[in-house]
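Below is one structure, written out as structure tokens, with a few remarks after it.
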Number of protein chains: 4
Amino acid sequence: MIRIGVIGYGYWGPNLVRNFVEVPGAEVGVICDLRPEQLAKAQARYPAVETTTDYREMVASPRIDAIAIATPVSSHFELAMQALQAGKHVLVEKPLAATSDQALRLIEEADRRNRVLMVDHTFVYTSAVRKIQELVTSNGLGDIYYYDSVRVNLGLFQHDVNVIWDLAVHDLSIMDYVLPLQPQAVSATGMSHIRGEPENVAYLTVFFDSCLIAHIHVNWLAPVKVRRTLIGGSRKMIVYDDLEPSEKVKIYDKGITINESPESIYQMLISYRIGDMWAPHLERTEALRTEALHFLSCIEHGERPITNGEAGLRVVRIIEAAVQSMAERGQLVELYTVGVTA
Amino acid sequence: MIRIGVIGYGYWGPNLVRNFVEVPGAEVGVICDLRPEQLAKAQARYPAVETTTDYREMVASPRIDAIAIATPVSSHFELAMQALQAGKHVLVEKPLAATSDQALRLIEEADRRNRVLMVDHTFVYTSAVRKIQELVTSNGLGDIYYYDSVRVNLGLFQHDVNVIWDLAVHDLSIMDYVLPLQPQAVSATGMSHIRGEPENVAYLTVFFDSCLIAHIHVNWLAPVKVRRTLIGGSRKMIVYDDLEPSEKVKIYDKGITINESPESIYQMLISYRIGDMWAPHLERTEALRTEALHFLSCIEHGERPITNGEAGLRVVRIIEAAVQSMAERGQLVELYTVGVTA
Amino acid sequence: MIRIGVIGYGYWGPNLVRNFVEVPGAEVGVICDLRPEQLAKAQARYPAVETTTDYREMVASPRIDAIAIATPVSSHFELAMQALQAGKHVLVEKPLAATSDQALRLIEEADRRNRVLMVDHTFVYTSAVRKIQELVTSNGLGDIYYYDSVRVNLGLFQHDVNVIWDLAVHDLSIMDYVLPLQPQAVSATGMSHIRGEPENVAYLTVFFDSCLIAHIHVNWLAPVKVRRTLIGGSRKMIVYDDLEPSEKVKIYDKGITINESPESIYQMLISYRIGDMWAPHLERTEALRTEALHFLSCIEHGERPITNGEAGLRVVRIIEAAVQSMAERGQLVELYTVGVTA
Amino acid sequence: MIRIGVIGYGYWGPNLVRNFVEVPGAEVGVICDLRPEQLAKAQARYPAVETTTDYREMVASPRIDAIAIATPVSSHFELAMQALQAGKHVLVEKPLAATSDQALRLIEEADRRNRVLMVDHTFVYTSAVRKIQELVTSNGLGDIYYYDSVRVNLGLFQHDVNVIWDLAVHDLSIMDYVLPLQPQAVSATGMSHIRGEPENVAYLTVFFDSCLIAHIHVNWLAPVKVRRTLIGGSRKMIVYDDLEPSEKVKIYDKGITINESPESIYQMLISYRIGDMWAPHLERTEALRTEALHFLSCIEHGERPITNGEAGLRVVRIIEAAVQSMAERGQLVELYTVGVTA
């Protein structure tokens, strides 16, 4: 039985608590939040669980094996570092940290202590994204040409981070899991429509070391909710619509066939291929449950999580580059993917 | 009765011919195409119309008052210039010309000769776009925050121009008509997935002299057809979906209300406003019919068309800047909107 | 503070408990279920609430003011009658009872004891249905021509009642609330596709004393989930799609205009009217919360609920007639709507 | 070269003419209509084709091999009979005739003269319906449980026939082609909302000699256009949505599995099966072109058309029964499917 402490009982924390309460092999020992009214809610729902406003107490407790952190990004590093230093395994809500330097230091600390460091890239644990990853990995799509995602809705405006940190992080974590190549450079644009507030709309283009191109559109001020990703391959193409109640992933046997023109070696003959569409059945297991079980399994068997610290770092690096590019209105920012540890 | 000559009877030309045949006040006198098999089709359908493979003959004919050009972009300038110099009124398929310099020279020639020069920005003549323009102009949306358009499908790959020239031109012509501000700079990215061929996917961000931002996504290699534009204003927001059979324009009484926080002048209080949605009834008149009638009316009354040479020039300028930016992977390119004529 | 007892903690009971726990003015005193494992779940979630497997204990308890019943239909009458006889106010899950005779006796008992008898026609308390009722009542639609509803999905097959009792009851309860007229006769057809089991697909036509016609299609064996109602009026028409995330009710300014033909008094001239579409903003309050508050308010002020015993009786009468008609493959069954009590 | 005469150049006639003009192996010799203004349109479009207001002339002409009839239903019998008697092959717009007796006499006349009699059940020639027929015939769906179709829109109100004759004929002709069983009885309901005019909304239930049940909903007064058919089988289920631009036919690997309960032989254990969805690619050939080619092929090779006179008769018989049932508000009407010829 692995005993979990959860820091942060605001929007996401209750979901973490509920899943760790429900999965076999774990129990939630302590819930920590600075706001007593949030702790009262936790207490009402889980009378058997201890609560505290002092995270140091939880971190120091020998009865806690692992800590899940669901607090604002700015506090991720400090809390995760203290938990690792106290010998706890750590699960951190996305994004892993506020800077790539912080993310790197967390990875090093986890390695040094031989503890599990996992980032909560929730979408990676959905059956939709896992199905897409299978298709890409098994070369079912052929060469990947592009990855295009739209994630827009009305609200919830953040005051401390811009829309890239808040929403694009989801797409970047999916891309990190699904795409077989590492990104090389980023060009981003965006805008704030409220004086003094962070950007609420942004567009990111991510370049790779091939003809693969990725693009993410995020917006807090859209009249409709859209969660749609197009993935184009040389053999097949995918539409992943997370708002579809059942057929979230549709695979189109569509594309082009390219032949050299007999008349000119400089011009290609392009013919269009239009075949069937197929929507695989997807299991309805809640992603966070799959993720919680994976975290427990990694602790038990000493394995590295799918969404380990390095995955968290890679995502933070792209965000940093995108934010820098956005400030310079699209100026290309290279990603120097130096190895994490020697 | 205004007698029209049409050059180019390929994909778009037959639509021009059909509309000029059907509207009152015009007749189609001559159809010109280099391909005899295309002329045979025209002849079969319109036995009374003359056909020729020699456009010079049409341009020289005193029985032709106006010439509509539906040929590849590379020939627009030469054909339009000769027609203007021969004293004809001219309607040119979009985009007006292959360079802004050419567009400028056509404008000057038309002014000098006092002839109508109109560019076939077809979408401007749809009831959907006119309704949107009305709403924006009457300040129904409040301040315009963003304009976001997606225009993707599978095919038709062009060999001579990239996807910006082919598809984004539609969005840029709509923006030129609808938005109250002039763009200042462009950042674009894109990719070709076929060796030696022009870019088949592209993303354009257009900056304005305010917090308005526009973005266009065009793609010839998408598994599904999308024609969707989001327009965000401070009061209302629009979703314009051209594939909807009837409710193409939906107006959402949604948005945010911003107040200064009583606690901090540096932080805004944001509240969300969610009201009714409204889809105005749109007339089903074919856009090209409205456009043909407008061309005839401009000739008759000596008026300047809504989509005059300057509109064509503005669009070509943005395309040129976007293509340049795309070659430099998002590098910002400023638009110097020098006045057209003194 | 009104103290509620809830009988039945299976599929629907937990929703009743949660809402009575959360609304002001009530508290849940006892939860009753025959299955100890269900009571264990209730206990885990609400440690302060008593549980029992003996409903008689609850009915007899002086500390319970009102009883909510969420058990199989066959037990509704017995449980509700005993509760009323013990002087409790009663809320019964739909349908009110297994026969109209039972429903009638419950109404009489409640009247005699001066207790609130309310049936849980949940949809009546949704903001969508209330908006529709407002539109109909205020004559916004003009004369109502038809009411057409489709409620189909895969599962959940019932063994004790057919699909009319299970699904059509929702549509009938909405119709009962929304339509200004009383039904006169029913013709129904249906089929069972599993030997020995009740009908899993059914079609009901309900006739009224005017040219209003209603039709309900229910099916447990459909590949897709549909929840769509069309309401046609002489002035406007409604599409109510309960699966739409936000625009559930769309009002179309469409219809026909009828004039007597100048040429023939026997033939009408029909012209089509196509105007705007409008989707009013709907509050997102959970229906059951609104309903729970209404039940409490009726108890407190001695008022009759919107979905009172008579509403429950009217719905049961149509179901009875429909089941009879279905057995005779569409044979018309008249509804004798004799007054309930003098 | 088969020479075709077309009678009726109103709504549907021009489509027949266009397709017979375009397919190889046929030419349109004469077009007949009582309205000179319609003939003028035909003449303008097809200058080489003769026109006449006198159908007798066409019927008598030795230069005409086959006659296509696209006139109001009431005239089908007279025109088709005269054409057959003059030795012409005949294609009749749906429905074949105004009564089953008329249909029977046409069949007999065609048999006697050894001429092709074909009814224009256009949907049978669409790639969507042919794909569905393949699936049903190859037993891909298992036992067919139900066929449910909705065909509603605003307009076009007919004065001479009700909505069953006008719209349900499409569904009945598809059912006749697709379903492996013959219908046994009909129960129908409907309503007219305009005094003195035929019913504008109708509901038909068709019973078969098994647990297959079919239902058709047709309506001229609906706010939205719907063309959706659900077909439920024991193995798979189909959604056929004719308004979908590309994925018109979706096949769901969904259903139920039934086992006898170990506890009771009277109660079945039902488990739900939810698998993939698949949308086969459909050719985009115009149905009427396929149909025209089939008509020509039948003439050339002396074969019986897929939609022969018997198919037309079977459809008319169901319509007659439905109209009779509707007049008696759902009263069951048996279909006596006496063999057509000995």
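So you can find residues: chains in the structure tokens are A, B, ... in the order shown, residues in each start at 1, and ligands are numbered from 1 in order.
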
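Contacts from chain C to chain D at a cut-off of 6 Å (only C-alpha atoms) map to Ser187, Pro223, Met237, Gly330 and Gln331 of chain C.
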
Output for the residues just chosen: all heavy atoms as a JSON list (two decimals), in the first residue's frame:
```
[["chain", "number", "residue", "atom", "x", "y", "z"],
["C", 187, "SER", "N", -52.19, 5.81, -31.02],
["C", 187, "SER", "CA", -51.92, 4.63, -31.85],
["C", 187, "SER", "C", -50.44, 4.34, -31.72],
["C", 187, "SER", "O", -49.61, 5.23, -31.93],
["C", 187, "SER", "CB", -52.26, 4.93, -33.32],
["C", 187, "SER", "OG", -51.70, 3.95, -34.17],
["C", 223, "PRO", "N", -27.72, 2.48, -32.85],
["C", 223, "PRO", "CA", -26.26, 2.60, -32.87],
["C", 223, "PRO", "C", -25.76, 3.94, -32.35],
["C", 223, "PRO", "O", -24.61, 4.06, -31.95],
["C", 223, "PRO", "CB", -25.92, 2.44, -34.36],
["C", 223, "PRO", "CG", -27.17, 2.82, -35.09],
["C", 223, "PRO", "CD", -28.30, 2.43, -34.20],
["C", 237, "MET", "N", -40.83, 27.50, -35.28],
["C", 237, "MET", "CA", -40.62, 26.09, -35.04],
["C", 237, "MET", "C", -39.36, 25.91, -34.17],
["C", 237, "MET", "O", -38.44, 26.73, -34.22],
["C", 237, "MET", "CB", -40.47, 25.36, -36.36],
["C", 237, "MET", "CG", -41.73, 25.55, -37.23],
["C", 237, "MET", "SD", -41.90, 24.31, -38.51],
["C", 237, "MET", "CE", -41.06, 25.14, -39.84],
["C", 330, "GLY", "N", -51.19, -0.95, -33.58],
["C", 330, "GLY", "CA", -51.59, 0.36, -34.06],
["C", 330, "GLY", "C", -53.05, 0.71, -33.87],
["C", 330, "GLY", "O", -53.47, 1.84, -34.15],
["C", 331, "GLN", "N", -53.83, -0.25, -33.41],
["C", 331, "GLN", "CA", -55.26, 0.01, -33.17],
["C", 331, "GLN", "C", -55.42, 1.25, -32.29],
["C", 331, "GLN", "O", -54.79, 1.37, -31.24],
["C", 331, "GLN", "CB", -55.85, -1.22, -32.46],
["C", 331, "GLN", "CG", -57.28, -1.09, -32.02],
["C", 331, "GLN", "CD", -58.24, -1.20, -33.18],
["C", 331, "GLN", "OE1", -58.13, -2.13, -33.97],
["C", 331, "GLN", "NE2", -59.13, -0.25, -33.32]]
```

Q) What are the DSSP strand (DSSP E) residues of region 67-313 of chain C, as a VMD selection string? A) chain C and resid 67 to 69 89 to 93 117 to 120 144 to 154 183 to 191 201 to 208 213 to 219 221 to 233 237 to 241 249 to 260 268 to 279

Q: Write out as number ranges by chain all residues of region 1-215 of chain C that DSSP puts in helix (DSSP H, G or I) for this structure's backbone.
A: C: 13-22, 36-45, 55-60, 73-85, 100-113, 122-125, 127-137, 163-178

**Q.** Polymer residues at most 9 Å from Pro280 (chain C), only C-alpha atoms, same-chain spacing of 4 or more positions, as a list of chain:residue names
**A.** B:Gly275, B:Asp276, B:Met277, B:Trp278, C:Lys131, C:Glu247, C:Lys248, C:Val249, C:Lys250, C:Ile251
